[in-house]
file protein.pdb (PDB, C-alpha atoms and all ligand atoms)
ATOM      1  CA  MET A  11      49.045 127.266 -14.225  1.00  0.00           C
ATOM      2  CA  ILE A  12      45.906 128.391 -16.062  1.00  0.00           C
ATOM      3  CA  GLY A  13      45.509 131.610 -14.109  1.00  0.00           C
ATOM      4  CA  THR A  14      48.939 132.768 -15.096  1.00  0.00           C
ATOM      5  CA  THR A  15      48.599 131.877 -18.789  1.00  0.00           C
ATOM      6  CA  ILE A  16      45.315 133.807 -19.391  1.00  0.00           C
ATOM      7  CA  SER A  17      46.071 137.418 -20.207  1.00  0.00           C
ATOM      8  CA  SER A  18      43.905 140.014 -18.500  1.00  0.00           C
ATOM      9  CA  GLY A  19      42.089 140.679 -21.798  1.00  0.00           C
ATOM     10  CA  ASN A  20      41.147 137.034 -22.136  1.00  0.00           C
ATOM     11  CA  ARG A  21      40.106 136.842 -18.531  1.00  0.00           C
ATOM     12  CA  PHE A  22      37.755 139.778 -19.101  1.00  0.00           C
ATOM     13  CA  ARG A  23      36.220 138.012 -22.093  1.00  0.00           C
ATOM     14  CA  LEU A  24      35.800 134.837 -20.022  1.00  0.00           C
ATOM     15  CA  VAL A  25      34.026 136.700 -17.212  1.00  0.00           C
ATOM     16  CA  ALA A  26      31.877 138.632 -19.711  1.00  0.00           C
ATOM     17  CA  GLY A  27      30.916 135.350 -21.386  1.00  0.00           C
ATOM     18  CA  VAL A  28      29.843 133.781 -18.100  1.00  0.00           C
ATOM     19  CA  VAL A  29      27.827 136.846 -17.107  1.00  0.00           C
ATOM     20  CA  LEU A  30      26.118 136.919 -20.512  1.00  0.00           C
ATOM     21  CA  THR A  31      25.257 133.214 -20.284  1.00  0.00           C
ATOM     22  CA  LEU A  32      23.737 133.697 -16.831  1.00  0.00           C
ATOM     23  CA  LEU A  33      21.735 136.673 -18.073  1.00  0.00           C
ATOM     24  CA  LEU A  34      20.408 134.728 -21.045  1.00  0.00           C
ATOM     25  CA  LEU A  35      19.498 131.808 -18.794  1.00  0.00           C
ATOM     26  CA  SER A  36      17.544 134.010 -16.426  1.00  0.00           C
ATOM     27  CA  VAL A  37      15.661 135.561 -19.360  1.00  0.00           C
ATOM     28  CA  VAL A  38      14.668 132.109 -20.614  1.00  0.00           C
ATOM     29  CA  VAL A  39      13.573 131.006 -17.131  1.00  0.00           C
ATOM     30  CA  THR A  40      11.531 134.193 -16.633  1.00  0.00           C
ATOM     31  CA  ALA A  41       9.874 133.811 -20.044  1.00  0.00           C
ATOM     32  CA  CYS A  42       8.836 130.235 -19.273  1.00  0.00           C
ATOM     33  CA  GLY A  43       7.597 131.180 -15.812  1.00  0.00           C
ATOM     34  CA  SER A  44       5.345 133.943 -17.078  1.00  0.00           C
ATOM     35  CA  SER A  45       3.754 132.090 -19.976  1.00  0.00           C
ATOM     36  CA  GLY A  46       0.406 132.390 -18.185  1.00  0.00           C
ATOM     37  CA  SER A  47      -0.369 128.777 -18.930  1.00  0.00           C
ATOM     38  CA  GLY A  48      -2.559 126.767 -16.588  1.00  0.00           C
ATOM     39  CA  THR A  49      -0.299 123.783 -16.944  1.00  0.00           C
ATOM     40  CA  GLY A  50       3.412 123.260 -16.588  1.00  0.00           C
ATOM     41  CA  GLU A  51       5.610 120.687 -18.294  1.00  0.00           C
ATOM     42  CA  GLY A  52       3.880 117.348 -18.657  1.00  0.00           C
ATOM     43  CA  GLY A  53       0.434 118.847 -18.112  1.00  0.00           C
ATOM     44  CA  THR A  54       0.750 119.265 -14.335  1.00  0.00           C
ATOM     45  CA  PRO A  55      -1.295 122.257 -13.177  1.00  0.00           C
ATOM     46  CA  VAL A  56       0.826 125.232 -12.060  1.00  0.00           C
ATOM     47  CA  GLY A  57      -1.935 126.366  -9.719  1.00  0.00           C
ATOM     48  CA  ASP A  58      -2.460 125.144  -6.191  1.00  0.00           C
ATOM     49  CA  SER A  59      -5.732 123.227  -6.013  1.00  0.00           C
ATOM     50  CA  ASP A  60      -6.144 123.705  -2.242  1.00  0.00           C
ATOM     51  CA  ARG A  61      -5.881 127.448  -2.631  1.00  0.00           C
ATOM     52  CA  GLY A  62      -8.168 127.136  -5.671  1.00  0.00           C
ATOM     53  CA  ARG A  63     -10.766 125.453  -3.514  1.00  0.00           C
ATOM     54  CA  ALA A  64     -10.576 128.356  -1.036  1.00  0.00           C
ATOM     55  CA  ALA A  65     -10.837 130.862  -3.910  1.00  0.00           C
ATOM     56  CA  PHE A  66     -13.821 128.966  -5.305  1.00  0.00           C
ATOM     57  CA  ILE A  67     -15.591 129.806  -2.041  1.00  0.00           C
ATOM     58  CA  SER A  68     -14.208 133.337  -1.528  1.00  0.00           C
ATOM     59  CA  LYS A  69     -14.848 134.344  -5.160  1.00  0.00           C
ATOM     60  CA  ALA A  70     -18.524 133.370  -4.792  1.00  0.00           C
ATOM     61  CA  CYS A  71     -18.398 130.573  -7.374  1.00  0.00           C
ATOM     62  CA  SER A  72     -19.913 128.436  -4.635  1.00  0.00           C
ATOM     63  CA  MET A  73     -22.854 130.835  -4.327  1.00  0.00           C
ATOM     64  CA  CYS A  74     -24.129 129.392  -7.582  1.00  0.00           C
ATOM     65  CA  HIS A  75     -22.253 126.129  -8.163  1.00  0.00           C
ATOM     66  CA  ARG A  76     -22.551 123.060  -6.015  1.00  0.00           C
ATOM     67  CA  VAL A  77     -19.438 120.922  -5.650  1.00  0.00           C
ATOM     68  CA  GLU A  78     -19.772 117.869  -3.484  1.00  0.00           C
ATOM     69  CA  GLY A  79     -17.711 118.391  -0.322  1.00  0.00           C
ATOM     70  CA  VAL A  80     -17.458 122.168  -0.760  1.00  0.00           C
ATOM     71  CA  GLY A  81     -20.806 122.864   0.831  1.00  0.00           C
ATOM     72  CA  GLN A  82     -24.227 123.579  -0.540  1.00  0.00           C
ATOM     73  CA  ALA A  83     -24.586 126.487  -2.930  1.00  0.00           C
ATOM     74  CA  VAL A  84     -26.697 129.295  -1.494  1.00  0.00           C
ATOM     75  CA  GLN A  85     -28.368 129.711  -4.874  1.00  0.00           C
ATOM     76  CA  ASP A  86     -30.206 132.910  -4.014  1.00  0.00           C
ATOM     77  CA  VAL A  87     -28.612 135.061  -6.717  1.00  0.00           C
ATOM     78  CA  SER A  88     -29.926 135.454 -10.229  1.00  0.00           C
ATOM     79  CA  GLY A  89     -28.518 132.811 -12.563  1.00  0.00           C
ATOM     80  CA  ALA A  90     -27.808 130.398  -9.723  1.00  0.00           C
ATOM     81  CA  GLU A  91     -30.696 128.088 -10.579  1.00  0.00           C
ATOM     82  CA  LYS A  92     -29.081 127.513 -13.992  1.00  0.00           C
ATOM     83  CA  ALA A  93     -25.572 126.929 -12.612  1.00  0.00           C
ATOM     84  CA  PRO A  94     -24.450 123.350 -13.222  1.00  0.00           C
ATOM     85  CA  ASP A  95     -23.187 121.132 -10.421  1.00  0.00           C
ATOM     86  CA  LEU A  96     -19.397 121.100 -10.878  1.00  0.00           C
ATOM     87  CA  THR A  97     -18.665 117.986  -8.788  1.00  0.00           C
ATOM     88  CA  HIS A  98     -17.465 116.140 -11.934  1.00  0.00           C
ATOM     89  CA  ILE A  99     -16.497 119.060 -14.171  1.00  0.00           C
ATOM     90  CA  ALA A 100     -13.067 117.504 -14.875  1.00  0.00           C
ATOM     91  CA  SER A 101     -14.844 114.615 -16.627  1.00  0.00           C
ATOM     92  CA  VAL A 102     -17.233 116.499 -18.900  1.00  0.00           C
ATOM     93  CA  PRO A 103     -16.090 116.856 -22.524  1.00  0.00           C
ATOM     94  CA  LEU A 104     -17.328 120.424 -23.086  1.00  0.00           C
ATOM     95  CA  ILE A 105     -17.379 123.606 -21.012  1.00  0.00           C
ATOM     96  CA  ALA A 106     -20.902 125.062 -21.002  1.00  0.00           C
ATOM     97  CA  GLY A 107     -21.661 122.733 -23.913  1.00  0.00           C
ATOM     98  CA  THR A 108     -19.501 124.992 -26.069  1.00  0.00           C
ATOM     99  CA  LEU A 109     -15.737 124.650 -25.624  1.00  0.00           C
ATOM    100  CA  GLU A 110     -13.586 121.557 -25.414  1.00  0.00           C
ATOM    101  CA  ARG A 111     -12.556 121.219 -21.768  1.00  0.00           C
ATOM    102  CA  THR A 112      -8.860 122.110 -21.634  1.00  0.00           C
ATOM    103  CA  ASP A 113      -7.126 124.325 -19.072  1.00  0.00           C
ATOM    104  CA  GLU A 114      -6.684 127.072 -21.661  1.00  0.00           C
ATOM    105  CA  ASN A 115     -10.363 126.986 -22.624  1.00  0.00           C
ATOM    106  CA  MET A 116     -11.320 126.988 -18.955  1.00  0.00           C
ATOM    107  CA  ARG A 117      -9.233 130.161 -18.598  1.00  0.00           C
ATOM    108  CA  ALA A 118     -11.050 131.698 -21.566  1.00  0.00           C
ATOM    109  CA  TRP A 119     -14.429 130.722 -20.114  1.00  0.00           C
ATOM    110  CA  LEU A 120     -13.722 132.062 -16.617  1.00  0.00           C
ATOM    111  CA  SER A 121     -12.112 135.248 -17.986  1.00  0.00           C
ATOM    112  CA  ASP A 122     -15.145 136.183 -20.039  1.00  0.00           C
ATOM    113  CA  PRO A 123     -18.111 133.787 -20.218  1.00  0.00           C
ATOM    114  CA  GLN A 124     -20.147 136.215 -22.354  1.00  0.00           C
ATOM    115  CA  ALA A 125     -17.445 136.240 -25.017  1.00  0.00           C
ATOM    116  CA  VAL A 126     -17.514 132.450 -25.217  1.00  0.00           C
ATOM    117  CA  LYS A 127     -21.278 132.019 -25.014  1.00  0.00           C
ATOM    118  CA  PRO A 128     -23.290 135.219 -25.527  1.00  0.00           C
ATOM    119  CA  GLY A 129     -26.336 135.397 -23.303  1.00  0.00           C
ATOM    120  CA  THR A 130     -25.021 132.974 -20.698  1.00  0.00           C
ATOM    121  CA  LEU A 131     -26.045 133.591 -17.091  1.00  0.00           C
ATOM    122  CA  MET A 132     -22.539 132.838 -15.846  1.00  0.00           C
ATOM    123  CA  PRO A 133     -21.072 136.167 -14.700  1.00  0.00           C
ATOM    124  CA  LYS A 134     -17.543 137.388 -15.282  1.00  0.00           C
ATOM    125  CA  VAL A 135     -15.781 137.181 -11.926  1.00  0.00           C
ATOM    126  CA  SER A 136     -12.666 139.322 -11.706  1.00  0.00           C
ATOM    127  CA  MET A 137      -9.674 137.697 -10.049  1.00  0.00           C
ATOM    128  CA  THR A 138      -5.891 137.725 -10.032  1.00  0.00           C
ATOM    129  CA  GLU A 139      -3.835 135.544 -12.377  1.00  0.00           C
ATOM    130  CA  ASP A 140      -2.799 133.451  -9.362  1.00  0.00           C
ATOM    131  CA  MET A 141      -6.381 132.841  -8.303  1.00  0.00           C
ATOM    132  CA  MET A 142      -7.279 131.908 -11.869  1.00  0.00           C
ATOM    133  CA  ASN A 143      -4.468 129.321 -11.970  1.00  0.00           C
ATOM    134  CA  ASN A 144      -5.497 127.958  -8.587  1.00  0.00           C
ATOM    135  CA  ILE A 145      -9.183 127.693  -9.505  1.00  0.00           C
ATOM    136  CA  ILE A 146      -8.296 125.944 -12.782  1.00  0.00           C
ATOM    137  CA  ALA A 147      -6.096 123.526 -10.813  1.00  0.00           C
ATOM    138  CA  PHE A 148      -8.943 122.928  -8.356  1.00  0.00           C
ATOM    139  CA  LEU A 149     -11.506 122.331 -11.131  1.00  0.00           C
ATOM    140  CA  SER A 150      -9.143 119.830 -12.797  1.00  0.00           C
ATOM    141  CA  THR A 151      -9.253 117.682  -9.623  1.00  0.00           C
ATOM    142  CA  LEU A 152     -13.062 117.307  -9.878  1.00  0.00           C
ATOM    143  CA  LYS A 153     -13.086 114.044 -11.827  1.00  0.00           C
TER     144      LYS A 153
HETATM  145  C1  LIG B 201     -24.426 133.999 -10.630  1.00  0.00           C
HETATM  146  C2  LIG B 201     -24.164 132.583 -10.597  1.00  0.00           C
HETATM  147  C3  LIG B 201     -22.772 132.094 -10.990  1.00  0.00           C
HETATM  148  C4  LIG B 201     -21.558 132.395 -10.395  1.00  0.00           C
HETATM  149  C5  LIG B 201     -21.283 133.343  -9.253  1.00  0.00           C
HETATM  150  C6  LIG B 201     -20.567 131.582 -11.071  1.00  0.00           C
HETATM  151  N1  LIG B 201     -21.151 130.834 -12.067  1.00  0.00           N
HETATM  152 FE1  LIG B 201     -20.228 129.445 -13.216  1.00  0.00          FE
HETATM  153  N2  LIG B 201     -21.972 129.150 -14.256  1.00  0.00           N
HETATM  154  C7  LIG B 201     -23.166 129.760 -13.978  1.00  0.00           C
HETATM  155  C8  LIG B 201     -24.140 129.365 -14.971  1.00  0.00           C
HETATM  156  C9  LIG B 201     -25.594 129.842 -15.022  1.00  0.00           C
HETATM  157  C10 LIG B 201     -23.477 128.462 -15.844  1.00  0.00           C
HETATM  158  C11 LIG B 201     -24.060 127.772 -17.084  1.00  0.00           C
HETATM  159  C12 LIG B 201     -23.548 128.526 -18.261  1.00  0.00           C
HETATM  160  C13 LIG B 201     -24.146 128.122 -19.584  1.00  0.00           C
HETATM  161  O1  LIG B 201     -24.092 126.935 -19.942  1.00  0.00           O
HETATM  162  O2  LIG B 201     -24.619 129.031 -20.281  1.00  0.00           O
HETATM  163  C14 LIG B 201     -22.116 128.343 -15.357  1.00  0.00           C
HETATM  164  C15 LIG B 201     -21.141 127.530 -15.922  1.00  0.00           C
HETATM  165  C16 LIG B 201     -19.902 127.307 -15.369  1.00  0.00           C
HETATM  166  C17 LIG B 201     -18.961 126.315 -15.841  1.00  0.00           C
HETATM  167  C18 LIG B 201     -19.212 125.322 -16.971  1.00  0.00           C
HETATM  168  C19 LIG B 201     -19.975 124.164 -16.385  1.00  0.00           C
HETATM  169  C20 LIG B 201     -20.307 123.035 -17.346  1.00  0.00           C
HETATM  170  O3  LIG B 201     -20.917 122.047 -16.894  1.00  0.00           O
HETATM  171  O4  LIG B 201     -19.987 123.104 -18.518  1.00  0.00           O
HETATM  172  C21 LIG B 201     -17.865 126.399 -15.033  1.00  0.00           C
HETATM  173  C22 LIG B 201     -16.612 125.558 -15.113  1.00  0.00           C
HETATM  174  C23 LIG B 201     -18.107 127.455 -14.087  1.00  0.00           C
HETATM  175  N3  LIG B 201     -19.359 127.990 -14.316  1.00  0.00           N
HETATM  176  C24 LIG B 201     -17.210 127.846 -13.112  1.00  0.00           C
HETATM  177  C25 LIG B 201     -17.400 128.935 -12.277  1.00  0.00           C
HETATM  178  C26 LIG B 201     -16.401 129.462 -11.383  1.00  0.00           C
HETATM  179  C27 LIG B 201     -14.993 128.890 -11.215  1.00  0.00           C
HETATM  180  C28 LIG B 201     -16.938 130.532 -10.742  1.00  0.00           C
HETATM  181  C29 LIG B 201     -16.272 131.492  -9.770  1.00  0.00           C
HETATM  182  C30 LIG B 201     -15.141 132.194 -10.286  1.00  0.00           C
HETATM  183  C31 LIG B 201     -18.313 130.649 -11.212  1.00  0.00           C
HETATM  184  N4  LIG B 201     -18.552 129.670 -12.137  1.00  0.00           N
HETATM  185  C32 LIG B 201     -19.214 131.593 -10.764  1.00  0.00           C
HETATM  186  C33 LIG B 201     -23.438 130.609 -12.921  1.00  0.00           C
HETATM  187  C34 LIG B 201     -22.494 131.126 -12.049  1.00  0.00           C
END

call {"tool": "encode", "arguments": {"input": "protein.pdb", "output": "structure tokens"}}
result
Amino acid sequence: MIGTTISSGNRFRLVAGVVLTLLLLSVVVTACGSSGSGTGEGGTPVGDSDRGRAAFISKACSMCHRVEGVGQAVQDVSGAEKAPDLTHIASVPLIAGTLERTDENMRAWLSDPQAVKPGTLMPKVSMTEDMMNNIIAFLSTLK
């Protein structure tokens, strides 16, 4: 019988080992989950593109940018007349003619357009990390 052959000291070490392993595992999982990356393993977006589409409208992106099927941009704010149509943004090679179009660069662009391209008319739109991931996921569906 195993239970009867393990002394109480050994049993303590066994339990401590299991607890430590579980702790380490949860640390690794948490670290991976909070990497802030727009893509998960295999390049699949971590954001939800449907919620990104809703955020694209609620965060006023659609005031300036037209996306086919998301309604006509109002285009009555300053800078709107220069805002590119984003219907096929997932197929263009460069963001704002400046940065290679990757999810990480899209994050950099949306976080601070002025830092990427000084003088650009694209405003910085503040949003939560979740919304950012969702909008990036939505933009990556616009092939
Ligand atoms: C006030 C109008 C305005 C708003 C609001 C706005 N943008 Fe822009 N956006 C622009 C302009 C102008 C450009 C062109 C920037 C340049 O090339 O200098 C641009 C460029 C972009 C580009 C690069 C397009 C390309 O063809 O390379 C993306 C992507 C983008 N915007 C996404 C967004 C998203 C997402 C939002 C909402 C969070 C948003 N924009 C809100 C005006 C706007």

call {"tool": "resolve_selection", "arguments": {"input": "protein.pdb", "expression": "the PyMOL selection byres (((not hetatm)) within 8 of (chain B and resi 201))", "output": "number ranges by chain"}}
result
A: 65-67, 69-75, 85, 87-96, 99, 102, 104-108, 116, 119-120, 123, 127, 129-137, 145-146, 149

call {"tool": "atom_distance", "arguments": {"input": "protein.pdb", "atom1": "atom CA of A:Ala125", "atom2": "atom CA of A:Pro103"}}
result
19.6 Å

call {"tool": "atom_distance", "arguments": {"input": "protein.pdb", "atom1": "atom CA of A:Asn144", "atom2": "atom CA of A:Asp122"}}
result
17.1 Å

call {"tool": "axis_aligned_box", "arguments": {"input": "protein.pdb", "around": "stretch 119-126 of chain A", "padding_each_side": "6 Å", "output": "lines of an AutoDock Vina configuration file"}}
result
center_x = -16.1
center_y = 133.5
center_z = -20.9
size_x = 20.0
size_y = 17.5
size_z = 20.6

call {"tool": "resolve_selection", "arguments": {"input": "protein.pdb", "expression": "the PyMOL selection byres (((chain A and resi 61) around 8) and not hetatm)", "output": "ChimeraX atom specification"}}
result
/A:58-60,62-65,141,144-145,148

call {"tool": "build_atoms", "arguments": {"input": "protein.pdb", "residues": "stretch 88-109 of chain A", "atoms": "N, CA and C atoms", "output": "mmCIF file, in the coordinates of the input"}}
result
data_model
loop_
_atom_site.group_PDB
_atom_site.id
_atom_site.type_symbol
_atom_site.label_atom_id
_atom_site.label_comp_id
_atom_site.auth_asym_id
_atom_site.auth_seq_id
_atom_site.Cartn_x
_atom_site.Cartn_y
_atom_site.Cartn_z
ATOM 1 N N SER A 88 -29.386 135.700 -8.910
ATOM 2 C CA SER A 88 -29.926 135.454 -10.229
ATOM 3 C C SER A 88 -28.933 134.667 -11.082
ATOM 4 N N GLY A 89 -29.391 133.651 -11.741
ATOM 5 C CA GLY A 89 -28.518 132.811 -12.563
ATOM 6 C C GLY A 89 -28.115 131.542 -11.851
ATOM 7 N N ALA A 90 -28.269 131.541 -10.512
ATOM 8 C CA ALA A 90 -27.808 130.398 -9.723
ATOM 9 C C ALA A 90 -28.576 129.126 -10.069
ATOM 10 N N GLU A 91 -29.884 129.285 -10.333
ATOM 11 C CA GLU A 91 -30.696 128.088 -10.579
ATOM 12 C C GLU A 91 -30.270 127.379 -11.865
ATOM 13 N N LYS A 92 -29.542 128.100 -12.739
ATOM 14 C CA LYS A 92 -29.081 127.513 -13.992
ATOM 15 C C LYS A 92 -27.628 127.036 -13.897
ATOM 16 N N ALA A 93 -26.990 127.264 -12.740
ATOM 17 C CA ALA A 93 -25.572 126.929 -12.612
ATOM 18 C C ALA A 93 -25.396 125.427 -12.440
ATOM 19 N N PRO A 94 -24.613 124.793 -13.320
ATOM 20 C CA PRO A 94 -24.450 123.350 -13.222
ATOM 21 C C PRO A 94 -23.664 122.940 -11.972
ATOM 22 N N ASP A 95 -23.968 121.761 -11.480
ATOM 23 C CA ASP A 95 -23.187 121.132 -10.421
ATOM 24 C C ASP A 95 -21.801 120.826 -11.000
ATOM 25 N N LEU A 96 -20.754 121.267 -10.328
ATOM 26 C CA LEU A 96 -19.397 121.100 -10.878
ATOM 27 C C LEU A 96 -18.633 119.935 -10.238
ATOM 28 N N THR A 97 -19.349 119.078 -9.503
ATOM 29 C CA THR A 97 -18.665 117.986 -8.788
ATOM 30 C C THR A 97 -17.788 117.137 -9.713
ATOM 31 N N HIS A 98 -18.237 116.979 -10.990
ATOM 32 C CA HIS A 98 -17.465 116.140 -11.934
ATOM 33 C C HIS A 98 -17.052 116.924 -13.177
ATOM 34 N N ILE A 99 -16.808 118.213 -13.010
ATOM 35 C CA ILE A 99 -16.497 119.060 -14.171
ATOM 36 C C ILE A 99 -15.248 118.580 -14.917
ATOM 37 N N ALA A 100 -14.299 117.951 -14.204
ATOM 38 C CA ALA A 100 -13.067 117.504 -14.875
ATOM 39 C C ALA A 100 -13.316 116.291 -15.764
ATOM 40 N N SER A 101 -14.541 115.771 -15.774
ATOM 41 C CA SER A 101 -14.844 114.615 -16.627
ATOM 42 C C SER A 101 -15.782 114.956 -17.779
ATOM 43 N N VAL A 102 -16.332 116.169 -17.791
ATOM 44 C CA VAL A 102 -17.233 116.499 -18.900
ATOM 45 C C VAL A 102 -16.403 116.901 -20.127
ATOM 46 N N PRO A 103 -16.878 116.558 -21.330
ATOM 47 C CA PRO A 103 -16.090 116.856 -22.524
ATOM 48 C C PRO A 103 -16.103 118.333 -22.917
ATOM 49 N N LEU A 104 -17.202 119.033 -22.634
ATOM 50 C CA LEU A 104 -17.328 120.424 -23.086
ATOM 51 C C LEU A 104 -17.608 121.356 -21.917
ATOM 52 N N ILE A 105 -17.069 122.556 -21.986
ATOM 53 C CA ILE A 105 -17.379 123.606 -21.012
ATOM 54 C C ILE A 105 -18.613 124.348 -21.508
ATOM 55 N N ALA A 106 -19.643 124.392 -20.657
ATOM 56 C CA ALA A 106 -20.902 125.062 -21.002
ATOM 57 C C ALA A 106 -21.452 124.578 -22.347
ATOM 58 N N GLY A 107 -21.169 123.315 -22.675
ATOM 59 C CA GLY A 107 -21.661 122.733 -23.913
ATOM 60 C C GLY A 107 -21.076 123.385 -25.152
ATOM 61 N N THR A 108 -20.001 124.156 -24.985
ATOM 62 C CA THR A 108 -19.501 124.992 -26.069
ATOM 63 C C THR A 108 -18.044 124.739 -26.429
ATOM 64 N N LEU A 109 -17.181 124.713 -25.402
ATOM 65 C CA LEU A 109 -15.737 124.650 -25.624
ATOM 66 C C LEU A 109 -15.184 123.330 -25.128
#
